[in-house]
Every structure is written in C-alpha cells, then in structure tokens.
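Working notes for the structure below.
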Amino acid sequence: MAVEVKKIPGGLEVDGLRLRKGKCGCDGGGLACCHTWSKVKRKGDTVNFEAKMSGPDTSDTFSWSYTVSKDGVTVNVTVEDAADKEIYSGYFPPAIEEWKSRGWEVTGREGERRDGAVWRCAPCKWLYKEDEEGRPFEELPDDWRCPNCGVGRDQFERIA
C-alpha cells in the first residue's frame, strides 16, 4: 500500500499525519513580533518540514531533526528551537513516535525535542507548556485565562 501524501489547508498530510506551515504575521498591532515560522514543501517523494522556533527574545537555542522513510517516501524534519520560547507562530511536526507507530523507519536523528504537550493562544501566540506548568491543559478551570492577553481556554489550540 503506497503512502498517501495530500494537500490540506495550511500544509500536507502524510500517511495521516499533518505537517503544517505557519508564520508570524504580526501587524504592528501591539503584539511583540516573534519572527518564528514553520514551512512544509514537497518535491517528488520527499517532504521537507522546517521550523524556526527561536526568536529575538530567546537565548537558550538548540537544533533537532529527524528523517523517516516508508515505501519510497522520505520526510525530513529540521528545527531551530529554543527552550525559553514563550510565543511561537508555526506548528510542531508530528513526534517521531507517531511516525514509528505507522510503520515508518527512522533513518536519521539529531538532538531531541524538549517540549511536551504544547497549547497556543490564537490571539497572542503565547505557549502553555504542560511540562513547565505542571498541569495538563484540559485540567485547567473553565475560568482560566491566558496570562498574556486574557482570552479564555477556548482560544487555545494544541500544537504539539
């Protein structure tokens, strides 16, 4: 059975896993510009996902990457990350374990992603990192608000 690679809004779906692009898009409307992004491109049987999660306010930067292959299709993931990021406008790639669970072979790997589950505030791009906060996002009280811009939980999306 061949690996299905198809276009989806904002990116590609490869074997049921989403690789999405995103960019800062700041408009000078009072939000700090984060200079972060993710992009995904396909060339033949190769899909490349690249992300820059570090910005002008981050200092603890590191890189990680992996390559997975299945049935002649290769996915390359390269990320410039920051342990101290507070906002991020792009998307995370699927965890390597998600690829492995679908029968993909890991053919290359450097460094490690350090964030656990991550939720992003849609208006201000602030990140709720469950590992740092010590509490799953779903367990926050209904009246919990983004500490950066004040919107409710319903304005957050899980990005990793």
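Chain lettering (A, B, ...) mirrors the order of the structure tokens, residue numbering begins at 1 for each chain separately, and ligand numbering begins at 1 in order of display.
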Dump as a tab-separated table the rows for residues of region 83-154 of chain A within 9 Å of region 57-78 of chain A: closest atom pair and distance in Å with one decimal, only C-alpha atoms counted, ordered by chain and rising residue number.
```
residue	atom	partner	partner_atom	distance
A:Ala83	CA	A:Asp60	CA	5.5
A:Asp84	CA	A:Thr58	CA	5.8
A:Lys85	CA	A:Thr58	CA	5.8
A:Glu86	CA	A:Thr58	CA	8.3
A:Pro93	CA	A:Val77	CA	7.4
A:Ile96	CA	A:Tyr66	CA	7.7
A:Trp99	CA	A:Val68	CA	7.4
A:Lys100	CA	A:Val68	CA	8.5
A:Gly103	CA	A:Lys70	CA	7.3
A:Trp104	CA	A:Lys70	CA	5.1
A:Glu105	CA	A:Ser69	CA	5.3
A:Val106	CA	A:Val68	CA	4.5
A:Thr107	CA	A:Thr67	CA	5.5
A:Gly108	CA	A:Thr67	CA	4.9
A:Arg109	CA	A:Tyr66	CA	4.2
A:Glu110	CA	A:Ser65	CA	5.2
A:Gly111	CA	A:Trp64	CA	4.4
A:Glu112	CA	A:Trp64	CA	5.4
A:Arg113	CA	A:Trp64	CA	6.4
```
Give me every strand (DSSP E or B) residue in chain A, going by DSSP on the backbone, as a PyMOL selection string.
-> chain A and resi 5-8+11-14+17-20+22-23+37-43+46-52+61-70+73-82+87+105-110+118-121+126-129+145+152+156-158
Selection above as a file: C-alpha atoms, as a PDB file, in the first residue's frame:
```
ATOM      1  CA  VAL A   5       0.632  12.479   0.566  1.00  0.00           C
ATOM      2  CA  LYS A   6      -2.085  15.063   0.080  1.00  0.00           C
ATOM      3  CA  LYS A   7      -2.544  18.795   0.373  1.00  0.00           C
ATOM      4  CA  ILE A   8      -4.571  20.061   3.312  1.00  0.00           C
ATOM      5  CA  GLY A  11       0.211  22.165   4.627  1.00  0.00           C
ATOM      6  CA  LEU A  12       0.395  18.479   3.810  1.00  0.00           C
ATOM      7  CA  GLU A  13      -0.940  15.274   5.286  1.00  0.00           C
ATOM      8  CA  VAL A  14       1.467  12.358   5.003  1.00  0.00           C
ATOM      9  CA  LEU A  17      -0.020  12.885   9.919  1.00  0.00           C
ATOM     10  CA  ARG A  18      -0.197  16.648   9.454  1.00  0.00           C
ATOM     11  CA  LEU A  19       2.739  18.889   8.616  1.00  0.00           C
ATOM     12  CA  ARG A  20       1.535  22.488   8.719  1.00  0.00           C
ATOM     13  CA  GLY A  22       2.628  28.958   9.966  1.00  0.00           C
ATOM     14  CA  LYS A  23       4.282  32.342  10.207  1.00  0.00           C
ATOM     15  CA  TRP A  37       7.588  30.106  11.469  1.00  0.00           C
ATOM     16  CA  SER A  38       7.199  26.617  10.066  1.00  0.00           C
ATOM     17  CA  LYS A  39       7.040  25.572   6.440  1.00  0.00           C
ATOM     18  CA  VAL A  40       6.490  22.378   4.511  1.00  0.00           C
ATOM     19  CA  LYS A  41       7.348  21.578   0.895  1.00  0.00           C
ATOM     20  CA  ARG A  42       7.085  18.526  -1.289  1.00  0.00           C
ATOM     21  CA  LYS A  43       9.475  17.638  -4.075  1.00  0.00           C
ATOM     22  CA  THR A  46      10.427  13.860  -0.423  1.00  0.00           C
ATOM     23  CA  VAL A  47       8.646  16.100   2.059  1.00  0.00           C
ATOM     24  CA  ASN A  48      10.671  18.715   3.928  1.00  0.00           C
ATOM     25  CA  PHE A  49       9.434  20.367   7.107  1.00  0.00           C
ATOM     26  CA  GLU A  50      11.479  23.212   8.550  1.00  0.00           C
ATOM     27  CA  ALA A  51      10.750  25.379  11.581  1.00  0.00           C
ATOM     28  CA  LYS A  52      12.321  28.288  13.420  1.00  0.00           C
ATOM     29  CA  THR A  61      18.600  27.824  21.417  1.00  0.00           C
ATOM     30  CA  PHE A  62      19.291  24.333  20.115  1.00  0.00           C
ATOM     31  CA  SER A  63      18.555  22.270  16.994  1.00  0.00           C
ATOM     32  CA  TRP A  64      16.934  18.922  16.422  1.00  0.00           C
ATOM     33  CA  SER A  65      15.994  16.935  13.352  1.00  0.00           C
ATOM     34  CA  TYR A  66      14.881  13.568  12.107  1.00  0.00           C
ATOM     35  CA  THR A  67      14.330  11.719   8.842  1.00  0.00           C
ATOM     36  CA  VAL A  68      11.773   8.966   8.368  1.00  0.00           C
ATOM     37  CA  SER A  69      11.096   6.759   5.334  1.00  0.00           C
ATOM     38  CA  LYS A  70       8.374   4.397   4.202  1.00  0.00           C
ATOM     39  CA  VAL A  73       8.609   8.378   0.637  1.00  0.00           C
ATOM     40  CA  THR A  74      11.027  10.359   2.825  1.00  0.00           C
ATOM     41  CA  VAL A  75      10.151  13.057   5.365  1.00  0.00           C
ATOM     42  CA  ASN A  76      12.927  15.366   6.578  1.00  0.00           C
ATOM     43  CA  VAL A  77      12.300  17.492   9.687  1.00  0.00           C
ATOM     44  CA  THR A  78      14.698  20.258  10.747  1.00  0.00           C
ATOM     45  CA  VAL A  79      14.010  22.592  13.683  1.00  0.00           C
ATOM     46  CA  GLU A  80      15.840  25.514  15.264  1.00  0.00           C
ATOM     47  CA  ASP A  81      14.273  25.526  18.710  1.00  0.00           C
ATOM     48  CA  ALA A  82      14.535  27.481  21.954  1.00  0.00           C
ATOM     49  CA  ILE A  87       5.445  32.509  21.838  1.00  0.00           C
ATOM     50  CA  GLU A 105      11.653   3.748   9.631  1.00  0.00           C
ATOM     51  CA  VAL A 106      13.811   6.346  11.361  1.00  0.00           C
ATOM     52  CA  THR A 107      16.805   6.818   9.049  1.00  0.00           C
ATOM     53  CA  GLY A 108      18.374   9.831  10.756  1.00  0.00           C
ATOM     54  CA  ARG A 109      18.089  11.715  14.016  1.00  0.00           C
ATOM     55  CA  GLU A 110      19.981  14.530  15.710  1.00  0.00           C
ATOM     56  CA  VAL A 118       2.079  22.489  23.981  1.00  0.00           C
ATOM     57  CA  TRP A 119      -1.041  24.644  23.593  1.00  0.00           C
ATOM     58  CA  ARG A 120      -1.028  28.021  21.811  1.00  0.00           C
ATOM     59  CA  CYS A 121      -3.174  31.092  22.382  1.00  0.00           C
ATOM     60  CA  TRP A 126       1.643  32.603  23.953  1.00  0.00           C
ATOM     61  CA  LEU A 127       2.504  28.973  24.740  1.00  0.00           C
ATOM     62  CA  TYR A 128       1.156  26.863  27.568  1.00  0.00           C
ATOM     63  CA  LYS A 129       3.737  24.103  28.034  1.00  0.00           C
ATOM     64  CA  ARG A 145      -7.355  32.953  31.178  1.00  0.00           C
ATOM     65  CA  GLY A 152     -10.301  32.113  27.673  1.00  0.00           C
ATOM     66  CA  PHE A 156      -6.148  27.817  22.597  1.00  0.00           C
ATOM     67  CA  GLU A 157      -5.181  25.048  20.184  1.00  0.00           C
ATOM     68  CA  ARG A 158      -2.908  22.097  20.809  1.00  0.00           C
TER      69      ARG A 158
END
```
Give me, as a PDB file with C-alpha atoms, in the first residue's frame, all polymer residues having an atom no more than 9 Å from Pro141 (chain A), counting only C-alpha atoms and skipping those fewer than 3 positions away in the same chain.
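Output contents, as saved in selection00.pdb:
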```
ATOM      1  CA  GLU A 138      -7.546  20.086  29.943  1.00  0.00           C
ATOM      2  CA  TRP A 144      -8.717  30.173  33.423  1.00  0.00           C
ATOM      3  CA  ARG A 153      -9.249  28.488  27.221  1.00  0.00           C
TER       4      ARG A 153
END
```
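Proximity of A:Pro123, A:Asp131, A:Ser89, A:Lys21 to Ser54 (chain A), computed with only C-alpha atoms, is greatest for A:Ser89.
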Pull the alpha helix (DSSP H) assignments for chain A out of DSSP run on the backbone, and list those residues as a PyMOL selection string.
-> chain A and resi 96-101+130-133
Residues just named, written with N, CA and C atoms as a PDB file, in the first residue's frame:
```
ATOM      1  N   ILE A  96       8.259  11.793  16.580  1.00  0.00           N
ATOM      2  CA  ILE A  96       8.860  10.658  15.875  1.00  0.00           C
ATOM      3  C   ILE A  96       8.129   9.353  16.219  1.00  0.00           C
ATOM      4  N   GLU A  97       7.597   9.257  17.431  1.00  0.00           N
ATOM      5  CA  GLU A  97       6.858   8.056  17.837  1.00  0.00           C
ATOM      6  C   GLU A  97       5.586   7.876  17.009  1.00  0.00           C
ATOM      7  N   GLU A  98       4.975   8.990  16.571  1.00  0.00           N
ATOM      8  CA  GLU A  98       3.777   8.890  15.739  1.00  0.00           C
ATOM      9  C   GLU A  98       4.112   8.263  14.394  1.00  0.00           C
ATOM     10  N   TRP A  99       5.249   8.629  13.812  1.00  0.00           N
ATOM     11  CA  TRP A  99       5.681   8.027  12.549  1.00  0.00           C
ATOM     12  C   TRP A  99       5.963   6.543  12.753  1.00  0.00           C
ATOM     13  N   LYS A 100       6.700   6.217  13.799  1.00  0.00           N
ATOM     14  CA  LYS A 100       7.063   4.817  14.057  1.00  0.00           C
ATOM     15  C   LYS A 100       5.823   3.948  14.249  1.00  0.00           C
ATOM     16  N   SER A 101       4.799   4.488  14.897  1.00  0.00           N
ATOM     17  CA  SER A 101       3.582   3.709  15.124  1.00  0.00           C
ATOM     18  C   SER A 101       2.847   3.393  13.824  1.00  0.00           C
ATOM     19  N   GLU A 130       2.749  22.156  29.073  1.00  0.00           N
ATOM     20  CA  GLU A 130       2.300  21.343  30.200  1.00  0.00           C
ATOM     21  C   GLU A 130       3.456  20.908  31.094  1.00  0.00           C
ATOM     22  N   ASP A 131       4.607  20.556  30.514  1.00  0.00           N
ATOM     23  CA  ASP A 131       5.745  20.119  31.323  1.00  0.00           C
ATOM     24  C   ASP A 131       6.202  21.215  32.281  1.00  0.00           C
ATOM     25  N   GLU A 132       6.229  22.444  31.815  1.00  0.00           N
ATOM     26  CA  GLU A 132       6.665  23.560  32.656  1.00  0.00           C
ATOM     27  C   GLU A 132       5.596  23.969  33.659  1.00  0.00           C
ATOM     28  N   GLU A 133       4.344  23.953  33.222  1.00  0.00           N
ATOM     29  CA  GLU A 133       3.253  24.397  34.086  1.00  0.00           C
ATOM     30  C   GLU A 133       2.888  23.344  35.128  1.00  0.00           C
TER      31      GLU A 133
END
```
Nearest residue to Thr36 (chain A) from the set A:Gly10, A:Lys125, A:Asp115, A:Arg102 (distances using only C-alpha atoms) = A:Lys125
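We find CA of Tyr88 (chain A) and CA of Val151 (chain A) to be spaced 16.9 Å apart.
Comparing the minimum interatomic distances between Gly134 (chain A) and each of A:Met53, A:Ala117, A:Cys24, A:Ala160, counting only C-alpha atoms, we find that A:Ala117 sits nearest.
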Between CA of Phe92 (chain A) and CA of Glu4 (chain A), what is the spacing in Å?
-> 20.3 Å
Which of A:Tyr91, A:Asp45, A:His35, A:Cys149 sits closest to Ala2 (chain A) [using only C-alpha atoms] = A:Asp45
